[in-house]
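First up is the structure itself, then whatever we jot down about it.
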Amino acid sequence: MPEPHGKNKMKRLFKRFFWPIVLVLAAVVIFLPGFAKIHQLKNKNNDLLRKNKRLQVENRLLHTELSRVEKDGVYQEKILREKMGVVRKDEVPVRIISDVNN
């Protein structure tokens, strides 16, 4: 008994589109992880570039500060007094204690 016309047409469509679909799916399975990894690495690279720029700015500021500390006697004294609590021989250190209850 001959097959109905609709069933034969379905078989032809299936044969015609089966392998291209399989190849496309295989390509997606093979290459998608690579594309995802590239995207991830690009994001990481951009983050590192931003961090690098921020650290370059911070480094320039620290070099400026270091140069000032090395060359400016007044600034050296300011740092010694404020951050290290150093006083001259003829000075009397005074500590101000704030009242915690107020």
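Please note that chains go A, B, ... in the order of the structure tokens, that every chain numbers its residues from 1, and that ligands are numbered from 1 in the order shown.
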Return as a ChimeraX atom specification the full set of residues in chain A whose backbone-based DSSP assignment is helix (DSSP H, G or I). /A:5-71,73-84
By how many Å are atom CA of Ile79 of chain A and atom CA of Ser67 of chain A apart? 13.7 Å
What gap, in Å, lies between atom CA of Phe17 of chain A and atom CA of Phe31 of chain A?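 Atom CA of Phe31 of chain A lies 21.1 Å from atom CA of Phe17 of chain A.
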